[in-house]
$ cat final.pdb   # PDB, C-alpha atoms
ATOM      1  CA  MET A   1      33.482 -25.850   8.741
ATOM      2  CA  LYS A   2      31.881 -25.264   5.343
ATOM      3  CA  GLN A   3      31.889 -21.777   3.878
ATOM      4  CA  ILE A   4      28.391 -20.240   3.983
ATOM      5  CA  VAL A   5      27.519 -17.249   1.802
ATOM      6  CA  GLY A   6      24.454 -15.078   2.380
ATOM      7  CA  ILE A   7      23.050 -13.277  -0.668
ATOM      8  CA  ASP A   8      20.513 -10.461  -0.929
ATOM      9  CA  ILE A   9      18.878  -9.942  -4.330
ATOM     10  CA  GLY A  10      17.433  -6.451  -4.718
ATOM     11  CA  GLY A  11      15.699  -4.696  -7.575
ATOM     12  CA  SER A  12      18.931  -3.154  -8.836
ATOM     13  CA  HIS A  13      21.756  -4.931  -7.023
ATOM     14  CA  ILE A  14      23.124  -8.103  -5.503
ATOM     15  CA  SER A  15      25.009  -8.190  -2.199
ATOM     16  CA  ALA A  16      26.827 -11.293  -1.006
ATOM     17  CA  GLY A  17      28.808 -11.927   2.154
ATOM     18  CA  ILE A  18      30.604 -14.772   3.895
ATOM     19  CA  LEU A  19      29.098 -15.780   7.238
ATOM     20  CA  GLN A  20      31.695 -15.653  10.013
ATOM     21  CA  ASN A  21      31.424 -17.811  13.161
ATOM     22  CA  GLY A  22      27.862 -18.649  12.187
ATOM     23  CA  MET A  23      26.665 -15.203  13.289
ATOM     24  CA  THR A  24      28.117 -12.186  11.462
ATOM     25  CA  ILE A  25      29.321 -10.900   8.115
ATOM     26  CA  ASP A  26      32.377  -8.635   8.111
ATOM     27  CA  ASP A  27      32.490  -5.659   5.764
ATOM     28  CA  ALA A  28      35.674  -7.054   4.244
ATOM     29  CA  GLU A  29      33.800 -10.224   3.275
ATOM     30  CA  VAL A  30      31.014  -8.497   1.313
ATOM     31  CA  ALA A  31      30.778  -8.168  -2.480
ATOM     32  CA  ARG A  32      28.272  -5.983  -4.330
ATOM     33  CA  GLU A  33      27.348  -5.539  -7.963
ATOM     34  CA  SER A  34      24.743  -3.469  -9.792
ATOM     35  CA  VAL A  35      22.210  -5.464 -11.780
ATOM     36  CA  ASN A  36      19.974  -4.416 -14.662
ATOM     37  CA  SER A  37      16.814  -6.172 -13.518
ATOM     38  CA  LEU A  38      15.243  -5.601 -16.945
ATOM     39  CA  GLY A  39      18.201  -7.173 -18.722
ATOM     40  CA  THR A  40      18.408 -10.546 -20.388
ATOM     41  CA  LYS A  41      18.627 -13.800 -18.475
ATOM     42  CA  GLU A  42      22.331 -13.991 -19.281
ATOM     43  CA  GLU A  43      22.988 -10.400 -18.131
ATOM     44  CA  ILE A  44      21.246 -10.936 -14.808
ATOM     45  CA  LEU A  45      22.658 -14.359 -13.994
ATOM     46  CA  GLY A  46      26.071 -13.233 -15.202
ATOM     47  CA  ALA A  47      26.096 -10.340 -12.731
ATOM     48  CA  TRP A  48      24.916 -12.609  -9.911
ATOM     49  CA  GLY A  49      27.523 -15.222 -10.752
ATOM     50  CA  ARG A  50      30.399 -12.708 -10.895
ATOM     51  CA  CYS A  51      29.452 -11.243  -7.531
ATOM     52  CA  ILE A  52      29.243 -14.629  -5.817
ATOM     53  CA  GLN A  53      32.419 -15.989  -7.441
ATOM     54  CA  SER A  54      34.379 -12.906  -6.353
ATOM     55  CA  LEU A  55      34.153 -14.224  -2.775
ATOM     56  CA  GLY A  56      36.330 -17.199  -3.669
ATOM     57  CA  ILE A  57      33.746 -19.956  -3.336
ATOM     58  CA  SER A  58      34.454 -23.662  -3.728
ATOM     59  CA  LYS A  59      32.313 -26.649  -4.670
ATOM     60  CA  HIS A  60      31.593 -27.117  -0.948
ATOM     61  CA  THR A  61      30.234 -23.583  -0.410
ATOM     62  CA  LEU A  62      26.643 -23.281   0.813
ATOM     63  CA  LEU A  63      24.512 -20.417  -0.539
ATOM     64  CA  GLY A  64      21.507 -18.868   1.187
ATOM     65  CA  ILE A  65      19.698 -16.463  -1.136
ATOM     66  CA  ALA A  66      17.103 -13.839  -0.146
ATOM     67  CA  MET A  67      14.769 -13.304  -3.115
ATOM     68  CA  PRO A  68      11.762 -11.043  -3.604
ATOM     69  CA  ALA A  69       8.364 -12.608  -4.174
ATOM     70  CA  PRO A  70       6.706 -14.181  -6.027
ATOM     71  CA  PHE A  71       9.152 -17.076  -6.104
ATOM     72  CA  ASP A  72       8.980 -20.838  -5.636
ATOM     73  CA  TYR A  73      11.457 -20.903  -2.765
ATOM     74  CA  GLU A  74      11.554 -24.663  -2.339
ATOM     75  CA  ASN A  75      12.322 -25.452  -5.971
ATOM     76  CA  GLY A  76      14.151 -22.238  -6.848
ATOM     77  CA  VAL A  77      11.885 -21.130  -9.711
ATOM     78  CA  SER A  78      11.233 -17.441 -10.375
ATOM     79  CA  LEU A  79       7.563 -16.433 -10.660
ATOM     80  CA  ILE A  80       8.256 -12.694 -10.901
ATOM     81  CA  LEU A  81       6.183 -11.329 -13.777
ATOM     82  CA  GLU A  82       4.275  -8.144 -12.925
ATOM     83  CA  GLN A  83       6.695  -6.488 -10.480
ATOM     84  CA  GLY A  84       8.639  -4.542 -13.116
ATOM     85  CA  LYS A  85      11.869  -6.484 -12.613
ATOM     86  CA  TYR A  86      13.548  -9.777 -13.568
ATOM     87  CA  LEU A  87      10.986 -10.489 -16.297
ATOM     88  CA  SER A  88      13.516 -12.549 -18.245
ATOM     89  CA  LEU A  89      13.788 -14.982 -15.330
ATOM     90  CA  TYR A  90      10.079 -15.850 -15.281
ATOM     91  CA  GLN A  91       9.703 -19.628 -14.804
ATOM     92  CA  VAL A  92      13.490 -20.083 -14.914
ATOM     93  CA  ASN A  93      14.845 -22.591 -12.405
ATOM     94  CA  VAL A  94      17.353 -20.237 -10.817
ATOM     95  CA  LYS A  95      18.607 -22.911  -8.440
ATOM     96  CA  LEU A  96      19.612 -25.319 -11.206
ATOM     97  CA  THR A  97      21.010 -22.555 -13.408
ATOM     98  CA  LEU A  98      23.145 -21.035 -10.646
ATOM     99  CA  ALA A  99      24.347 -24.438  -9.480
ATOM    100  CA  ASP A 100      25.558 -25.227 -12.990
ATOM    101  CA  ARG A 101      27.134 -21.790 -13.470
ATOM    102  CA  LEU A 102      28.940 -21.862 -10.110
ATOM    103  CA  GLY A 103      29.885 -25.551 -10.105
ATOM    104  CA  LEU A 104      27.890 -26.291  -6.949
ATOM    105  CA  PRO A 105      25.650 -29.205  -5.990
ATOM    106  CA  VAL A 106      22.008 -28.154  -6.288
ATOM    107  CA  ASP A 107      21.389 -29.030  -2.645
ATOM    108  CA  ASN A 108      23.980 -26.424  -1.587
ATOM    109  CA  ILE A 109      21.628 -23.615  -2.636
ATOM    110  CA  ALA A 110      18.603 -22.556  -0.559
ATOM    111  CA  PHE A 111      16.185 -19.642  -0.999
ATOM    112  CA  ILE A 112      14.160 -17.527   1.402
ATOM    113  CA  ASN A 113      11.815 -14.576   0.934
ATOM    114  CA  ASP A 114      13.680 -11.278   1.312
ATOM    115  CA  ALA A 115      11.369  -9.841   3.995
ATOM    116  CA  ALA A 116      11.555 -13.108   5.918
ATOM    117  CA  ALA A 117      15.356 -13.092   5.546
ATOM    118  CA  PHE A 118      15.514  -9.645   7.153
ATOM    119  CA  LEU A 119      13.613 -10.891  10.207
ATOM    120  CA  GLN A 120      15.484 -14.210  10.265
ATOM    121  CA  GLY A 121      18.794 -12.333  10.329
ATOM    122  CA  GLU A 122      17.767 -10.010  13.139
ATOM    123  CA  ALA A 123      16.469 -12.905  15.232
ATOM    124  CA  HIS A 124      19.566 -15.018  14.529
ATOM    125  CA  ALA A 125      21.959 -12.234  15.564
ATOM    126  CA  ALA A 126      19.956 -11.325  18.662
ATOM    127  CA  GLY A 127      19.682 -14.937  19.809
ATOM    128  CA  TRP A 128      16.016 -14.666  20.743
ATOM    129  CA  PRO A 129      14.324 -17.964  21.672
ATOM    130  CA  ARG A 130      12.560 -19.610  18.746
ATOM    131  CA  ASN A 131       9.172 -19.287  20.421
ATOM    132  CA  THR A 132       9.418 -15.474  20.587
ATOM    133  CA  ASN A 133       6.641 -13.994  18.460
ATOM    134  CA  LEU A 134       8.276 -11.516  16.076
ATOM    135  CA  MET A 135       7.040  -9.117  13.423
ATOM    136  CA  GLY A 136       9.482  -7.528  10.997
ATOM    137  CA  ILE A 137       8.594  -4.402   9.022
ATOM    138  CA  THR A 138      10.785  -2.814   6.355
ATOM    139  CA  LEU A 139       9.943   0.773   5.486
ATOM    140  CA  GLY A 140      11.401   2.069   2.251
ATOM    141  CA  THR A 141      10.542   2.350  -1.427
ATOM    142  CA  GLY A 142       8.098  -0.442  -0.695
ATOM    143  CA  LEU A 143       6.646  -2.002   2.446
ATOM    144  CA  GLY A 144       7.876  -5.410   3.560
ATOM    145  CA  GLY A 145       6.687  -7.570   6.411
ATOM    146  CA  ALA A 146       7.376 -10.948   7.949
ATOM    147  CA  PHE A 147       6.509 -12.970  11.027
ATOM    148  CA  LYS A 148       8.425 -15.521  13.063
ATOM    149  CA  SER A 149       7.069 -17.755  15.815
ATOM    150  CA  GLY A 150       9.240 -20.824  15.322
ATOM    151  CA  LYS A 151      12.384 -21.925  13.498
ATOM    152  CA  PHE A 152      11.938 -19.888  10.309
ATOM    153  CA  ALA A 153      10.499 -16.472   9.501
ATOM    154  CA  GLU A 154       7.770 -16.305   6.868
ATOM    155  CA  ASP A 155       6.750 -13.568   4.455
ATOM    156  CA  GLY A 156       3.729 -11.680   5.767
ATOM    157  CA  ALA A 157       2.824 -10.009   2.438
ATOM    158  CA  ILE A 158       1.535  -7.064   4.467
ATOM    159  CA  TRP A 159       2.265  -4.564   1.688
ATOM    160  CA  SER A 160      -0.910  -5.548  -0.170
ATOM    161  CA  ILE A 161      -3.413  -5.925   2.664
ATOM    162  CA  PRO A 162      -6.529  -3.689   2.464
ATOM    163  CA  PHE A 163      -5.800  -0.602   4.553
ATOM    164  CA  LYS A 164      -7.644   2.714   4.939
ATOM    165  CA  GLY A 165      -9.348   2.494   1.555
ATOM    166  CA  GLY A 166      -6.193   1.394  -0.280
ATOM    167  CA  ILE A 167      -3.389  -1.000   0.562
ATOM    168  CA  ALA A 168      -0.872  -0.759   3.388
ATOM    169  CA  GLU A 169       2.021   0.189   1.095
ATOM    170  CA  ASP A 170       0.168   3.373   0.074
ATOM    171  CA  TYR A 171       0.468   4.657   3.639
ATOM    172  CA  LEU A 172       3.725   3.134   4.847
ATOM    173  CA  SER A 173       6.371   3.640   2.178
ATOM    174  CA  THR A 174       8.327   6.443   0.555
ATOM    175  CA  SER A 175       5.445   7.126  -1.840
ATOM    176  CA  PHE A 176       3.280   8.313   1.077
ATOM    177  CA  PHE A 177       5.615  11.314   1.409
ATOM    178  CA  THR A 178       6.521  11.851  -2.243
ATOM    179  CA  LYS A 179       2.871  11.978  -3.340
ATOM    180  CA  TRP A 180       2.012  14.287  -0.442
ATOM    181  CA  ALA A 181       4.943  16.594  -1.279
ATOM    182  CA  LYS A 182       3.754  16.961  -4.865
ATOM    183  CA  VAL A 183       0.258  17.943  -3.741
ATOM    184  CA  HIS A 184       1.173  19.965  -0.640
ATOM    185  CA  PHE A 185       4.302  21.765  -1.838
ATOM    186  CA  GLY A 186       4.069  21.297  -5.605
ATOM    187  CA  ILE A 187       7.505  19.684  -5.721
ATOM    188  CA  GLU A 188       8.957  16.302  -6.616
ATOM    189  CA  VAL A 189      11.355  14.688  -4.146
ATOM    190  CA  HIS A 190      13.162  11.361  -3.991
ATOM    191  CA  GLY A 191      12.194  10.598  -0.424
ATOM    192  CA  LEU A 192      11.770  11.623   3.182
ATOM    193  CA  LYS A 193      15.356  12.830   3.581
ATOM    194  CA  ASP A 194      14.821  15.567   0.973
ATOM    195  CA  LEU A 195      11.845  16.894   2.919
ATOM    196  CA  LEU A 196      13.554  16.840   6.304
ATOM    197  CA  THR A 197      16.727  18.587   5.137
ATOM    198  CA  ASN A 198      14.832  21.419   3.408
ATOM    199  CA  GLN A 199      13.978  24.147   5.913
ATOM    200  CA  GLN A 200      10.952  25.180   3.840
ATOM    201  CA  THR A 201       9.393  21.710   4.056
ATOM    202  CA  ARG A 202      10.757  20.401   7.354
ATOM    203  CA  GLU A 203       8.087  21.666   9.790
ATOM    204  CA  ASP A 204       5.129  20.362   7.780
ATOM    205  CA  THR A 205       6.984  17.098   7.193
ATOM    206  CA  LEU A 206       7.468  16.590  10.921
ATOM    207  CA  ALA A 207       3.704  16.981  11.330
ATOM    208  CA  LYS A 208       3.134  14.510   8.501
ATOM    209  CA  LEU A 209       5.433  12.038  10.255
ATOM    210  CA  ARG A 210       3.039  11.990  13.187
ATOM    211  CA  VAL A 211       0.294  10.982  10.744
ATOM    212  CA  PHE A 212       2.642   8.306   9.410
ATOM    213  CA  ALA A 213       3.168   7.099  12.989
ATOM    214  CA  GLY A 214      -0.573   6.661  13.326
ATOM    215  CA  HIS A 215      -0.655   4.505  10.197
ATOM    216  CA  LEU A 216       2.194   2.336  11.483
ATOM    217  CA  ALA A 217       0.526   1.884  14.861
ATOM    218  CA  ASP A 218      -2.756   0.983  13.143
ATOM    219  CA  LEU A 219      -0.987  -1.644  11.034
ATOM    220  CA  ILE A 220       0.546  -3.259  14.119
ATOM    221  CA  LEU A 221      -2.791  -3.206  15.958
ATOM    222  CA  LEU A 222      -4.476  -4.766  12.924
ATOM    223  CA  GLN A 223      -1.982  -7.633  12.899
ATOM    224  CA  GLN A 224      -2.408  -8.147  16.631
ATOM    225  CA  GLU A 225      -6.066  -8.950  16.063
ATOM    226  CA  SER A 226      -5.056 -12.324  14.634
ATOM    227  CA  ARG A 227      -1.649 -13.074  16.157
ATOM    228  CA  LYS A 228       0.498 -12.545  19.240
ATOM    229  CA  ILE A 229       3.406 -10.143  18.717
ATOM    230  CA  ASP A 230       6.118  -9.805  21.367
ATOM    231  CA  LYS A 231       8.605  -7.690  19.381
ATOM    232  CA  VAL A 232       8.420  -5.541  16.253
ATOM    233  CA  ILE A 233      11.721  -5.001  14.396
ATOM    234  CA  LEU A 234      11.817  -2.064  11.992
ATOM    235  CA  GLY A 235      14.210  -1.839   9.057
ATOM    236  CA  GLY A 236      14.565  -0.052   5.736
ATOM    237  CA  ASN A 237      15.860   3.415   4.853
ATOM    238  CA  MET A 238      12.997   5.224   6.551
ATOM    239  CA  VAL A 239      14.071   4.070  10.014
ATOM    240  CA  LYS A 240      16.810   6.684   9.789
ATOM    241  CA  ALA A 241      13.993   9.100  10.708
ATOM    242  CA  ALA A 242      12.628   6.867  13.491
ATOM    243  CA  ALA A 243      13.305   9.490  16.162
ATOM    244  CA  TYR A 244      10.554  11.581  14.556
ATOM    245  CA  PHE A 245       7.831   8.925  14.476
ATOM    246  CA  LEU A 246       8.656   6.003  16.792
ATOM    247  CA  PRO A 247       7.754   7.734  20.112
ATOM    248  CA  GLU A 248       4.315   8.519  18.668
ATOM    249  CA  VAL A 249       3.850   4.912  17.563
ATOM    250  CA  LYS A 250       4.652   3.733  21.093
ATOM    251  CA  ARG A 251       2.238   6.250  22.609
ATOM    252  CA  ILE A 252      -0.628   5.180  20.361
ATOM    253  CA  LEU A 253      -0.038   1.487  21.011
ATOM    254  CA  GLN A 254       0.049   2.092  24.773
ATOM    255  CA  ASP A 255      -3.231   4.017  24.549
ATOM    256  CA  PHE A 256      -4.776   0.887  23.043
ATOM    257  CA  GLY A 257      -3.265  -1.338  25.722
ATOM    258  CA  SER A 258      -0.718  -2.817  23.328
ATOM    259  CA  SER A 259       2.912  -3.041  24.348
ATOM    260  CA  PRO A 260       5.104  -5.028  21.947
ATOM    261  CA  GLU A 261       8.772  -4.085  22.183
ATOM    262  CA  LEU A 262       9.650  -1.835  19.225
ATOM    263  CA  LEU A 263      13.225  -2.230  17.984
ATOM    264  CA  ILE A 264      15.308  -0.726  15.192
ATOM    265  CA  SER A 265      17.282  -3.111  12.989
ATOM    266  CA  ARG A 266      20.731  -3.890  14.406
ATOM    267  CA  LEU A 267      22.105  -5.285  11.166
ATOM    268  CA  GLY A 268      20.935  -2.824   8.518
ATOM    269  CA  GLU A 269      21.631  -4.013   4.991
ATOM    270  CA  LYS A 270      23.361  -7.151   6.316
ATOM    271  CA  ALA A 271      20.167  -8.489   7.925
ATOM    272  CA  ALA A 272      18.869 -10.250   4.802
ATOM    273  CA  MET A 273      22.305 -11.697   3.981
ATOM    274  CA  ILE A 274      22.764 -13.061   7.503
ATOM    275  CA  GLY A 275      19.197 -14.353   7.566
ATOM    276  CA  ALA A 276      19.615 -16.140   4.243
ATOM    277  CA  ALA A 277      22.950 -17.635   5.281
ATOM    278  CA  SER A 278      21.588 -18.764   8.650
ATOM    279  CA  ILE A 279      19.150 -21.126   6.932
ATOM    280  CA  HIS A 280      21.996 -23.604   6.654
ATOM    281  CA  ASN A 281      22.703 -23.359  10.397
ATOM    282  CA  GLU A 282      19.051 -23.929  11.284
ATOM    283  CA  ASN A 283      18.642 -27.074   9.185
TER     284      ASN A 283
END

$ encode --input "final.pdb" --output "structure tokens"
Amino acid sequence: MKQIVGIDIGGSHISAGILQNGMTIDDAEVARESVNSLGTKEEILGAWGRCIQSLGISKHTLLGIAMPAPFDYENGVSLILEQGKYLSLYQVNVKLTLADRLGLPVDNIAFINDAAAFLQGEAHAAGWPRNTNLMGITLGTGLGGAFKSGKFAEDGAIWSIPFKGGIAEDYLSTSFFTKWAKVHFGIEVHGLKDLLTNQQTREDTLAKLRVFAGHLADLILLQQESRKIDKVILGGNMVKAAAYFLPEVKRILQDFGSSPELLISRLGEKAAMIGAASIHNEN
């Protein structure tokens, strides 16, 4: 059996892991490295190459790579220009460059959108039938979304959809709480955890989480206007506070006669790696 490596490219890191038994990635088989996403092409690709090579790959290794958009996933060309990261890779054929650097055949490298990889990984590990209609939502520094109703998950680009006078990410990411905290309390915080662990801000934050729940329910209802959704899988750092907002999301959806199954990510940070690696099992 060929070695398959799943890779997750983030804004400041790379994580890579060896797929075991076609389904899981053990902690002992994961490598991580910090990346300066505003560095030179050589700095970035050098960090990626070192991380991947540390897993002991061979010329037969298959790589599945989860990359943020915009990216030409089929041809492996970076189109990231205005996202404040990886500017030096704009229009670089990452597939060809990595293949040459790692000594791999070009066809051994495949790319998938990072939000889609998250959902692909969760579906792969759970073993849900391919015709199950899935929506994946990642709640963190940004808002990610993907849909899956067949073999492969696809990026939903829900972060930028018009929503309540702005875009969805304004209401369903860390910034929703950090901006509110600055106005409401006159303080700057890194995220939701800071507000929940501070006794002076906790009570008002719990109330604000119910507002957040309403936004999340509205987003799901909006998507259901144009597609069937059987399950919604939630990931990202903010799901650590799910106990404070998920029951309210369920209540609102039920009030509107909507009843998709709401699930918390089983795989955490490994979801995108497993999803990216599983591409080679699905082909």

$ atom_distance --input "final.pdb" --atom1 "CA of Asn237 (chain A)" --atom2 "CA of Phe118 (chain A)"
13.3 Å

$ residues_around --input "final.pdb" --residues "region 132-143 of chain A" --least-positions-apart "3" --cutoff "8 Å" --atoms "only C-alpha atoms" --output "PyMOL selection string"
chain A and resi 115-116+118-119+128-129+146-150+158-159+168-169+172-175+228-239

$ closest_residue --input "final.pdb" --among "A:Glu154, A:Asp100, A:Asp218, A:Asp27" --to "Gln120 (chain A)" --atoms "all atoms listed in the file"
A:Glu154

$ residues_around --input "final.pdb" --residues "region 210-216 of chain A" --least-positions-apart "3" --cutoff "9 Å" --atoms "only C-alpha atoms" --output "list in words"
Lys164, Ala168, Tyr171, Leu172, Phe176, Thr205, Leu206, Ala207, Leu219, Ile220, Leu221, Tyr244, Phe245, Leu246, Pro247, Glu248, Val249, Lys250 and Ile252 of chain A

$ write_last_selection --input "final.pdb" --atoms "C-alpha atoms" --output "PDB file, keeping the file's coordinate frame"
ATOM      1  CA  LYS A 164      -7.644   2.714   4.939  1.00  0.00           C
ATOM      2  CA  ALA A 168      -0.872  -0.759   3.388  1.00  0.00           C
ATOM      3  CA  TYR A 171       0.468   4.657   3.639  1.00  0.00           C
ATOM      4  CA  LEU A 172       3.725   3.134   4.847  1.00  0.00           C
ATOM      5  CA  PHE A 176       3.280   8.313   1.077  1.00  0.00           C
ATOM      6  CA  THR A 205       6.984  17.098   7.193  1.00  0.00           C
ATOM      7  CA  LEU A 206       7.468  16.590  10.921  1.00  0.00           C
ATOM      8  CA  ALA A 207       3.704  16.981  11.330  1.00  0.00           C
ATOM      9  CA  LEU A 219      -0.987  -1.644  11.034  1.00  0.00           C
ATOM     10  CA  ILE A 220       0.546  -3.259  14.119  1.00  0.00           C
ATOM     11  CA  LEU A 221      -2.791  -3.206  15.958  1.00  0.00           C
ATOM     12  CA  TYR A 244      10.554  11.581  14.556  1.00  0.00           C
ATOM     13  CA  PHE A 245       7.831   8.925  14.476  1.00  0.00           C
ATOM     14  CA  LEU A 246       8.656   6.003  16.792  1.00  0.00           C
ATOM     15  CA  PRO A 247       7.754   7.734  20.112  1.00  0.00           C
ATOM     16  CA  GLU A 248       4.315   8.519  18.668  1.00  0.00           C
ATOM     17  CA  VAL A 249       3.850   4.912  17.563  1.00  0.00           C
ATOM     18  CA  LYS A 250       4.652   3.733  21.093  1.00  0.00           C
ATOM     19  CA  ILE A 252      -0.628   5.180  20.361  1.00  0.00           C
TER      20      ILE A 252
END

$ atom_distance --input "final.pdb" --atom1 "CA of Val183 (chain A)" --atom2 "CA of Gly11 (chain A)"
27.7 Å

$ residues_around --input "final.pdb" --residues "Leu98 (chain A)" --least-positions-apart "3" --cutoff "10 Å" --atoms "all atoms listed in the file" --output "list in words"
Leu45, Gly46, Trp48, Gly49, Gly76, Asn93, Val94, Lys95, Arg101, Leu102, Gly103, Leu104, Pro105, Val106 and Ile109 of chain A

$ write_last_selection --input "final.pdb" --atoms "C-alpha atoms" --output "PDB file, keeping the file's coordinate frame"
ATOM      1  CA  LEU A  45      22.658 -14.359 -13.994  1.00  0.00           C
ATOM      2  CA  GLY A  46      26.071 -13.233 -15.202  1.00  0.00           C
ATOM      3  CA  TRP A  48      24.916 -12.609  -9.911  1.00  0.00           C
ATOM      4  CA  GLY A  49      27.523 -15.222 -10.752  1.00  0.00           C
ATOM      5  CA  GLY A  76      14.151 -22.238  -6.848  1.00  0.00           C
ATOM      6  CA  ASN A  93      14.845 -22.591 -12.405  1.00  0.00           C
ATOM      7  CA  VAL A  94      17.353 -20.237 -10.817  1.00  0.00           C
ATOM      8  CA  LYS A  95      18.607 -22.911  -8.440  1.00  0.00           C
ATOM      9  CA  ARG A 101      27.134 -21.790 -13.470  1.00  0.00           C
ATOM     10  CA  LEU A 102      28.940 -21.862 -10.110  1.00  0.00           C
ATOM     11  CA  GLY A 103      29.885 -25.551 -10.105  1.00  0.00           C
ATOM     12  CA  LEU A 104      27.890 -26.291  -6.949  1.00  0.00           C
ATOM     13  CA  PRO A 105      25.650 -29.205  -5.990  1.00  0.00           C
ATOM     14  CA  VAL A 106      22.008 -28.154  -6.288  1.00  0.00           C
ATOM     15  CA  ILE A 109      21.628 -23.615  -2.636  1.00  0.00           C
TER      16      ILE A 109
END

$ atom_distance --input "final.pdb" --atom1 "CA of Leu192 (chain A)" --atom2 "CA of Lys208 (chain A)"
10.5 Å

$ closest_atom_pairs --input "final.pdb" --of "region 22-47 of chain A" --to "region 85-90 of chain A" --cutoff "6 Å" --atoms "all atoms listed in the file" --output "CSV"
residue,atom,partner,partner_atom,distance
A:Ser37,CA,A:Tyr86,CA,4.9
A:Leu38,CA,A:Lys85,CA,5.6
A:Thr40,CA,A:Ser88,CA,5.7
A:Lys41,CA,A:Ser88,CA,5.3

$ residues_around --input "final.pdb" --residues "Gly275 (chain A)" --least-positions-apart "3" --cutoff "9 Å" --atoms "all atoms listed in the file" --output "VMD selection string"
chain A and resid 6 64 to 66 112 114 116 to 125 270 to 272 278 to 279

$ closest_residue --input "final.pdb" --among "A:Met273, A:Met1, A:Gln91, A:Val77" --to "Ala31 (chain A)" --atoms "only C-alpha atoms"
A:Met273

$ resolve_selection --input "final.pdb" --expression "the PyMOL selection byres ((chain A and resi 58) around 10)" --output "list in words"
Lys2, Gln3, Gln53, Leu55, Gly56, Ile57, Lys59, His60, Thr61, Leu62, Leu102, Gly103 and Leu104 of chain A

$ closest_residue --input "final.pdb" --among "A:Ile9, A:Ile25, A:Leu262, A:Leu253" --to "Pro68 (chain A)" --atoms "all atoms listed in the file"
A:Ile9

$ resolve_selection --input "final.pdb" --expression "the PyMOL selection byres ((chain A and resi 191) around 8)" --output "list of chain:residue names"
A:Thr174, A:Ser175, A:Phe177, A:Thr178, A:Val189, A:His190, A:Leu192, A:Lys193, A:Asp194, A:Leu195

$ axis_aligned_box --input "final.pdb" --around "region 100-111 of chain A" --padding-each-side "3 Å" --output "AutoDock Vina command-line options"
--center_x 23.0 --center_y -24.4 --center_z -7.0 --size_x 19.7 --size_y 15.6 --size_z 18.9
